[in-house]
Structures are given as structure tokens and as C-alpha cells.
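J.: What follows is structure14.txt, compact mmCIF, C-alpha atoms.
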```
# COMPACT_ATOMS: atom_id res chain seq x y z
CA MET X 9 -5.43 1.25 16.82
CA GLY X 10 -5.30 4.83 15.73
CA LEU X 11 -2.91 7.69 16.32
CA THR X 12 -1.38 8.43 19.68
CA PRO X 13 -1.89 12.04 20.88
CA GLU X 14 1.82 12.32 21.65
CA LEU X 15 2.63 12.08 17.94
CA LEU X 16 0.61 15.16 16.93
CA PRO X 17 3.04 17.84 18.26
CA MET X 18 5.94 16.15 16.49
CA VAL X 19 4.07 15.97 13.17
CA VAL X 20 3.00 19.62 13.47
CA SER X 21 6.53 20.77 14.37
CA VAL X 22 8.13 18.85 11.51
CA THR X 23 5.57 20.22 9.06
CA LEU X 24 6.13 23.80 10.21
CA ALA X 25 9.89 23.32 10.08
CA ARG X 26 9.64 22.08 6.50
CA GLY X 27 7.76 25.26 5.59
CA ALA X 28 10.46 27.40 7.26
CA ILE X 29 13.18 25.62 5.30
CA ARG X 30 11.39 26.15 2.00
CA LEU X 31 10.89 29.85 2.79
CA ALA X 32 14.56 30.18 3.74
CA ARG X 33 15.44 29.05 0.22
CA LYS X 34 13.48 32.09 -0.98
CA HIS X 35 15.57 34.33 1.35
CA VAL X 36 12.74 34.70 3.88
CA ILE X 37 13.71 34.52 7.57
CA VAL X 38 11.21 32.79 9.87
CA LYS X 39 11.79 33.70 13.52
CA ARG X 40 8.89 31.69 14.97
CA LEU X 41 7.49 28.49 13.47
CA PRO X 42 3.79 29.29 14.17
CA VAL X 43 4.17 32.23 11.76
CA ILE X 44 4.15 29.69 8.91
CA GLN X 45 0.57 28.76 9.77
CA ASN X 46 -0.40 32.45 10.15
CA LEU X 47 0.95 33.24 6.69
CA GLY X 48 -1.05 30.39 5.21
CA THR X 49 -4.34 31.90 6.40
CA MET X 50 -3.76 35.36 4.89
CA ASP X 51 -5.50 36.56 1.74
CA VAL X 52 -3.35 39.66 1.17
CA PHE X 53 -0.28 40.94 3.01
CA CYS X 54 0.85 44.46 2.00
CA MET X 55 3.74 46.58 3.29
CA ASP X 56 6.47 48.89 2.05
CA LYS X 57 10.16 48.74 2.92
CA THR X 58 9.54 50.15 6.43
CA GLY X 59 6.79 47.67 7.17
CA THR X 60 3.98 50.24 7.09
CA LEU X 61 1.67 51.67 4.45
CA THR X 62 2.70 55.31 3.97
CA GLU X 63 1.02 56.08 0.65
CA ALA X 64 -2.58 56.12 -0.46
CA ARG X 65 -1.97 53.65 -3.24
CA ILE X 66 -0.84 50.03 -3.49
CA ARG X 67 1.29 48.58 -6.27
CA LEU X 68 1.90 44.84 -6.67
CA ASP X 69 5.65 44.29 -6.74
CA ARG X 70 5.86 40.50 -6.52
CA THR X 71 4.06 37.46 -5.17
CA VAL X 72 5.44 34.83 -2.81
CA ASP X 73 4.53 31.14 -2.71
CA VAL X 74 3.42 30.92 0.92
CA GLU X 75 4.33 27.59 2.48
CA GLY X 76 1.78 28.00 5.26
CA ARG X 77 -0.97 26.66 3.01
CA ARG X 78 0.94 23.45 2.37
CA THR X 79 1.69 23.19 6.08
CA TYR X 80 -1.97 23.64 6.96
CA MET X 81 -3.13 20.96 4.54
CA ASN X 82 -0.67 18.36 5.81
CA VAL X 83 -1.55 19.05 9.45
CA PHE X 84 -5.22 18.92 8.44
CA LYS X 85 -4.69 15.48 6.85
CA TYR X 86 -3.13 14.17 10.03
CA ILE X 87 -5.98 15.39 12.21
CA MET X 88 -8.63 14.03 9.85
CA LEU X 89 -6.94 10.64 9.78
CA GLY X 90 -6.44 10.51 13.53
CA THR X 91 -9.93 11.53 14.60
CA SER X 92 -11.82 9.34 12.13
CA SER X 93 -9.59 6.32 12.76
CA ASN X 94 -9.71 6.57 16.56
CA PHE X 95 -13.45 7.14 16.61
CA GLY X 96 -14.09 4.15 14.38
CA ASN X 97 -11.77 1.84 16.28
CA MET X 98 -13.17 2.70 19.69
CA PHE X 99 -16.70 2.25 18.35
CA SER X 100 -15.73 -1.19 17.00
CA MET X 101 -14.06 -2.19 20.25
CA ALA X 102 -17.08 -1.11 22.31
CA GLY X 103 -19.46 -2.92 19.97
CA ALA X 104 -17.40 -6.12 20.03
CA ALA X 105 -17.44 -6.11 23.83
CA LEU X 106 -21.23 -6.41 23.78
CA PHE X 107 -21.35 -9.87 22.16
CA LEU X 108 -17.86 -11.40 22.31
CA PRO X 109 -16.99 -13.53 25.36
CA PHE X 110 -13.29 -12.68 24.89
CA LEU X 111 -11.07 -9.72 24.09
CA PRO X 112 -11.34 -8.84 20.37
CA MET X 113 -7.61 -8.06 20.34
CA LEU X 114 -4.87 -8.77 22.87
CA PRO X 115 -3.15 -5.81 24.61
CA VAL X 116 0.19 -6.64 22.96
CA GLN X 117 -1.53 -6.71 19.57
CA ILE X 118 -3.11 -3.30 20.20
CA LEU X 119 0.27 -1.84 21.13
CA LEU X 120 1.92 -3.34 18.06
CA ASN X 121 -0.95 -2.11 15.90
CA ASN X 122 -0.53 1.43 17.23
CA MET X 123 3.24 1.39 16.78
CA LEU X 124 3.06 0.17 13.19
CA TYR X 125 0.26 2.58 12.28
CA ASP X 126 2.26 5.54 13.56
CA LEU X 127 5.07 4.84 11.09
CA PRO X 128 3.18 5.90 7.92
CA GLU X 129 2.05 9.08 9.70
CA LEU X 130 5.60 10.37 10.14
CA PRO X 131 6.15 11.28 6.43
CA ILE X 132 2.89 13.27 6.24
CA PRO X 133 4.77 16.61 6.63
CA LEU X 134 6.56 15.72 3.36
CA ASP X 135 3.41 14.79 1.47
CA ASN X 136 2.34 16.41 -1.78
CA VAL X 137 -0.69 18.70 -1.75
CA ASP X 138 -3.33 19.13 -4.46
CA ALA X 139 -2.93 22.42 -6.30
CA GLU X 140 -6.44 23.65 -5.54
CA ASP X 141 -5.88 23.10 -1.81
CA ILE X 142 -3.16 25.76 -1.77
CA SER X 143 -4.75 28.13 -4.27
CA SER X 144 -6.34 30.15 -1.46
CA PRO X 145 -5.77 30.49 2.30
CA ARG X 146 -7.70 28.28 4.69
CA ARG X 147 -8.44 28.30 8.39
CA LEU X 148 -8.61 25.26 10.63
CA ASP X 149 -12.27 24.21 10.61
CA ILE X 150 -13.00 22.22 13.75
CA GLY X 151 -16.62 21.74 12.72
CA LEU X 152 -15.56 20.10 9.44
CA ILE X 153 -13.18 17.78 11.29
CA ARG X 154 -15.89 16.76 13.73
CA GLN X 155 -18.41 16.09 10.96
CA PHE X 156 -15.86 14.11 8.97
CA MET X 157 -15.09 12.01 12.05
CA PHE X 158 -18.77 11.21 12.59
CA VAL X 159 -19.22 10.30 8.91
CA ILE X 160 -16.08 8.26 8.16
CA GLY X 161 -15.54 6.69 11.59
CA PRO X 162 -18.72 4.56 11.47
CA VAL X 163 -17.77 3.32 7.98
CA SER X 164 -14.64 1.77 9.48
CA SER X 165 -16.72 0.23 12.27
CA ALA X 166 -19.27 -1.16 9.79
CA PHE X 167 -16.54 -3.06 7.94
CA ASP X 168 -15.09 -4.22 11.26
CA PHE X 169 -18.47 -5.71 12.17
CA ILE X 170 -18.65 -7.38 8.75
CA THR X 171 -15.22 -8.85 9.48
CA PHE X 172 -16.43 -10.06 12.88
CA TYR X 173 -19.39 -11.81 11.26
CA LEU X 174 -17.24 -13.50 8.62
CA LEU X 175 -14.71 -14.64 11.19
CA LEU X 176 -17.30 -16.09 13.55
CA HIS X 177 -19.84 -17.57 11.14
CA VAL X 178 -17.89 -18.29 7.94
CA LEU X 179 -14.39 -19.14 9.14
CA LYS X 180 -15.58 -20.42 12.53
CA ALA X 181 -12.51 -18.75 14.03
CA THR X 182 -11.29 -19.58 17.50
CA GLU X 183 -10.52 -16.84 20.01
CA ALA X 184 -6.84 -16.65 19.02
CA GLU X 185 -7.65 -16.76 15.29
CA PHE X 186 -10.24 -14.00 15.69
CA GLN X 187 -7.75 -11.74 17.47
CA ILE X 188 -4.91 -12.14 14.97
CA CYS X 189 -7.26 -11.81 11.98
CA TRP X 190 -8.72 -8.55 13.26
CA PHE X 191 -5.18 -7.32 13.97
CA VAL X 192 -4.26 -7.85 10.31
CA GLU X 193 -7.53 -6.47 8.90
CA SER X 194 -7.48 -3.42 11.14
CA LEU X 195 -3.91 -2.51 10.30
CA CYS X 196 -4.35 -2.99 6.55
CA THR X 197 -7.50 -0.88 6.34
CA GLN X 198 -6.17 1.88 8.60
CA VAL X 199 -2.96 2.26 6.63
CA LEU X 200 -4.35 1.98 3.10
CA VAL X 201 -7.16 4.45 3.81
CA ILE X 202 -4.46 7.11 4.21
CA PHE X 203 -4.27 7.22 0.39
CA VAL X 204 -8.02 7.92 0.24
CA ILE X 205 -8.30 10.55 2.99
CA ARG X 206 -5.14 12.49 2.06
CA THR X 207 -6.95 14.00 -0.96
CA ARG X 208 -10.47 15.17 -1.70
CA HIS X 209 -10.20 13.66 -5.19
CA ASN X 210 -9.57 10.26 -6.70
CA PRO X 211 -6.61 8.78 -4.79
CA LEU X 212 -5.37 7.12 -8.00
CA ARG X 213 -4.87 10.56 -9.56
CA SER X 214 -3.41 12.40 -6.56
CA ARG X 215 0.20 11.31 -6.22
CA PRO X 216 1.48 10.86 -2.64
CA GLN X 217 5.03 11.70 -1.65
CA GLY X 218 7.41 8.76 -2.12
CA ALA X 219 8.32 8.29 1.54
CA LEU X 220 4.66 8.24 2.57
CA ALA X 221 3.75 5.66 -0.07
CA ALA X 222 6.76 3.50 0.79
CA ALA X 223 5.97 3.60 4.53
CA CYS X 224 2.33 2.61 3.93
CA PHE X 225 3.16 -0.36 1.71
CA LEU X 226 5.94 -1.47 4.07
CA VAL X 227 3.59 -1.53 7.05
CA VAL X 228 0.90 -3.39 5.11
CA ALA X 229 3.51 -5.97 4.06
CA ALA X 230 4.60 -6.28 7.70
CA ALA X 231 0.98 -6.79 8.81
CA LEU X 232 0.57 -9.65 6.36
CA TRP X 233 3.94 -11.24 7.10
CA LEU X 234 4.28 -10.90 10.89
CA PRO X 235 1.63 -13.51 11.81
CA LEU X 236 3.41 -16.01 9.54
CA GLY X 237 7.01 -15.11 10.36
CA PRO X 238 9.38 -16.08 13.18
CA LEU X 239 8.15 -13.25 15.43
CA ALA X 240 4.55 -14.42 15.40
CA GLY X 241 4.84 -16.30 18.67
CA SER X 242 5.57 -13.09 20.59
CA PHE X 243 2.11 -11.62 19.95
CA SER X 244 -0.08 -14.51 18.73
CA SER X 245 -0.34 -18.21 19.42
CA VAL X 246 -1.78 -19.03 15.99
CA SER X 247 -1.58 -17.87 12.38
CA PRO X 248 -4.58 -16.64 10.38
CA PRO X 249 -6.41 -19.35 8.40
CA PRO X 250 -5.43 -19.36 4.69
CA LEU X 251 -9.05 -18.61 3.74
CA PHE X 252 -8.82 -15.36 5.70
CA TYR X 253 -6.33 -13.87 3.21
CA LEU X 254 -8.70 -14.65 0.34
CA MET X 255 -11.46 -12.88 2.24
CA LEU X 256 -9.26 -9.94 3.22
CA ALA X 257 -8.51 -8.63 -0.28
CA PRO X 258 -12.11 -7.95 -1.44
CA LEU X 259 -12.98 -6.66 2.04
CA VAL X 260 -10.21 -4.05 1.92
CA VAL X 261 -11.05 -3.02 -1.65
CA CYS X 262 -14.73 -2.56 -0.79
CA TYR X 263 -13.81 -0.57 2.31
CA LEU X 264 -11.54 1.82 0.40
CA ALA X 265 -14.15 2.27 -2.33
CA ALA X 266 -16.86 3.00 0.24
CA VAL X 267 -14.70 5.56 2.09
CA HIS X 268 -13.79 7.27 -1.18
CA GLU X 269 -17.40 7.58 -2.31
CA ILE X 270 -18.65 8.80 1.07
CA LYS X 271 -15.72 11.23 1.33
CA ARG X 272 -16.45 12.55 -2.16
CA ARG X 273 -20.11 13.14 -1.35
CA PHE X 274 -19.20 14.70 2.00
CA PHE X 275 -16.93 17.34 0.46
CA LEU X 276 -19.32 17.99 -2.43
CA ALA X 277 -22.12 18.72 0.04
CA ARG X 278 -19.83 20.75 2.26
CA PHE X 279 -18.58 23.05 -0.48
CA ALA X 280 -22.03 23.31 -2.07
CA ARG X 281 -23.35 24.77 1.19
CA ARG X 282 -20.51 27.30 1.26
CA GLU X 283 -21.36 28.48 -2.22
```
Turn the structure described in the file into C-alpha cells.
T.:
Amino acid sequence: MGLTPELLPMVVSVTLARGAIRLARKHVIVKRLPVIQNLGTMDVFCMDKTGTLTEARIRLDRTVDVEGRRTYMNVFKYIMLGTSSNFGNMFSMAGAALFLPFLPMLPVQILLNNMLYDLPELPIPLDNVDAEDISSPRRLDIGLIRQFMFVIGPVSSAFDFITFYLLLHVLKATEAEFQICWFVESLCTQVLVIFVIRTRHNPLRSRPQGALAAACFLVVAAALWLPLGPLAGSFSSVSPPPLFYLMLAPLVVCYLAAVHEIKRRFFLARFARRE
């Protein structure tokens, strides 16, 4: 339920390596991968053929499309997704423990949830980036990440608690039904919200990279199919009630719409303060 910390170094390394490959195609040699990130945070980089400024004047010879900005944005997406998702899930788990007489999700279901959720995160280094996000250099803003986590994380928990209420009081779910239903709902919302958080704008207008989109839809399809397929017995003793799937669709749509609107207002307020 959320990203594992061990995956972060791999995502960062792959993203930096992609930037080095793209620079190599422009005949630029990258000796150390962290330099990609350093280049992305620079406003202006000036030097002559010896690497020093030896004249009292500067002449623009050419500009270079610095891949560090793209690298930064994709790493930033991963961190934003991981922190908000983990915060929300742990808040939901802690809240459920206060009133449920059983585990809200079995250990094997949590492990499977984590494993499947990690799959759509792997193509993030390949993801497309909005043009305005690479129009100027940016620095990693820990304060923004923390604020985003505190704003978006509780939204996920709020919809989890709505799910809990519907399962207990509308579907009258048993313990096993509750656990498998939350497994499906949690995985679907966590994966599909990637499309919303990966851009500051309307997710329907910001096109994700093909591998990322394919991985997300594949995992969502797996989440819906696994409890009904031949492997269901290995992690659940029951299948979700048919009514649950009718309830799931509007719940997911409302969740994505709420996250998008809150995210939009968050960034509008954030950049308004900067100006």
C-alpha cells in the first residue's frame, strides 16, 4: 500500500541515466550521473573553450536542451506520489484499527498490493513532462512535498473511510469480503491517481508516456480480475460481491475528480504566493 523506499534509488538512477543517454546523443559526455540534476537547476552556464571566462564580454553561441529539468520533474513526480500515497494509506490503516474488530487487509494482500503498485512506478523515468515544467530550472522543494502530502494524503483516507462505511452498512460485508474489497479499491485508486498527480494541469490534456499508461491500466485490470480468477484462493477466501463493482466505479471517479480539484487549487495558491 504505497511505494517501498527501496524502489526510490532505482527510479532516480534510471531517470538520471535516461538524461545522460539523451545528452550523449547531443555529443555531451556525462562523467557522473548526479551532474544531470545539477544542470537542471542552473539558470545560466557560461564558459569559453578553456572552461573559464577570459574576456569582459559574453556572447551567446548556442543553447542546449538540458535534460536535468526533465529528470528533476520525473523524480519529483515519484516522490509526490510516494509520500502522499503512503501517508494516506497509513492514516486509513490506523483509523480502521480504531473501530474494526479484524484486520482491514490481510498481510498477503498488503504485500500483493505493494508489489502491483510498484509496477506502474517503474516507467516514470520515461514519462512525458509538461513544457512549462522544463521552461526554467527548479530546485527540489521539500516544503512543497510535505505540504502536498498533508493535503492529498487525507483525501485518500477520506475516500477509504467512505468505502469502509459502504462495505459495512450498505453491503453488510463479512470480514473476508471487507478485506478483498478494500484491496481492490485501494489498488485501483492508488494506480489511477498517478494520471492526476503526474501533471499540474488537467490529466486528460497532459499525455502520459505509453509504457506508463499501459502499466497503470494493466495493474488496474489485474486488481479487478485477480479476486475472480484462479489465483484468488491464494490471497482471499471469497470474491467481492457483484454490487461492490457497481459501487466502485463512481467512487473511483469521484476520488480522482476530488484529487484533481484539490491539486489544482493547491498549486494555484502555491504559485500565487511566489508571485
J.: Just the number, please: distance in Å from atom CA of Ala266 of chain X to atom CA of Ala221 of chain X, one decimal.
T.: 20.8 Å
J.: What is the atom CA of Gly161 of chain X to atom CA of Ser93 of chain X distance in Å?
T.: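 Taking atom CA of Gly161 of chain X and atom CA of Ser93 of chain X, their separation equals 6.1 Å.
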J.: Using only C-alpha atoms, which residue out of X:Leu120, X:Ala222, X:Leu195, X:Val163 lies closest to Leu264 of chain X?
T.: X:Val163
J.: Tell me which of X:Arg78, X:Arg278, X:His35, X:His209 sits closest to Phe156 of chain X, counting all atoms listed in the file.
T.: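 Smallest distance to Phe156 of chain X is found for X:Arg278.
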J.: Counting all atoms listed in the file, figure out which residue out of X:Met255, X:Ile202, X:Leu108, X:Cys189 gets nearest to Asn82 of chain X.
T.: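 Of all the options, X:Ile202 lies closest to Asn82 of chain X.
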J.: Quick one, how far is atom CA of Val227 of chain X from atom CA of Cys196 of chain X?
T.: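 Atom CA of Val227 of chain X sits 8.1 Å away from atom CA of Cys196 of chain X.
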J.: Name the closest residue to Cys224 of chain X among the candidates X:Thr197, X:Thr182, X:Ser245, X:Gln187; distances are taken between atoms, counting all atoms listed in the file.
T.: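 Of the candidates, the smallest distance to Cys224 of chain X is held by X:Thr197.
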J.: Taking into account all atoms listed in the file, which residue in the set X:Leu124, X:Ala102, X:Ala28, X:Leu111 is nearest to Thr79 of chain X?
T.: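 Looking at the shortest contact to Thr79 of chain X, the residue is X:Ala28.
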J.: Please check which residues have atoms at most 12 Å from (3.7, -1.0, 1.0) in the file's coordinates, counting only C-alpha atoms, and write them as a list in words.
T.: Leu127, Pro128, Cys196, Val199, Leu200, Ile202, Phe203, Gly218, Ala219, Leu220, Ala221, Ala222, Ala223, Cys224, Phe225, Leu226, Val227, Val228, Ala229, Ala230, Ala231, Leu232 and Trp233 of chain X
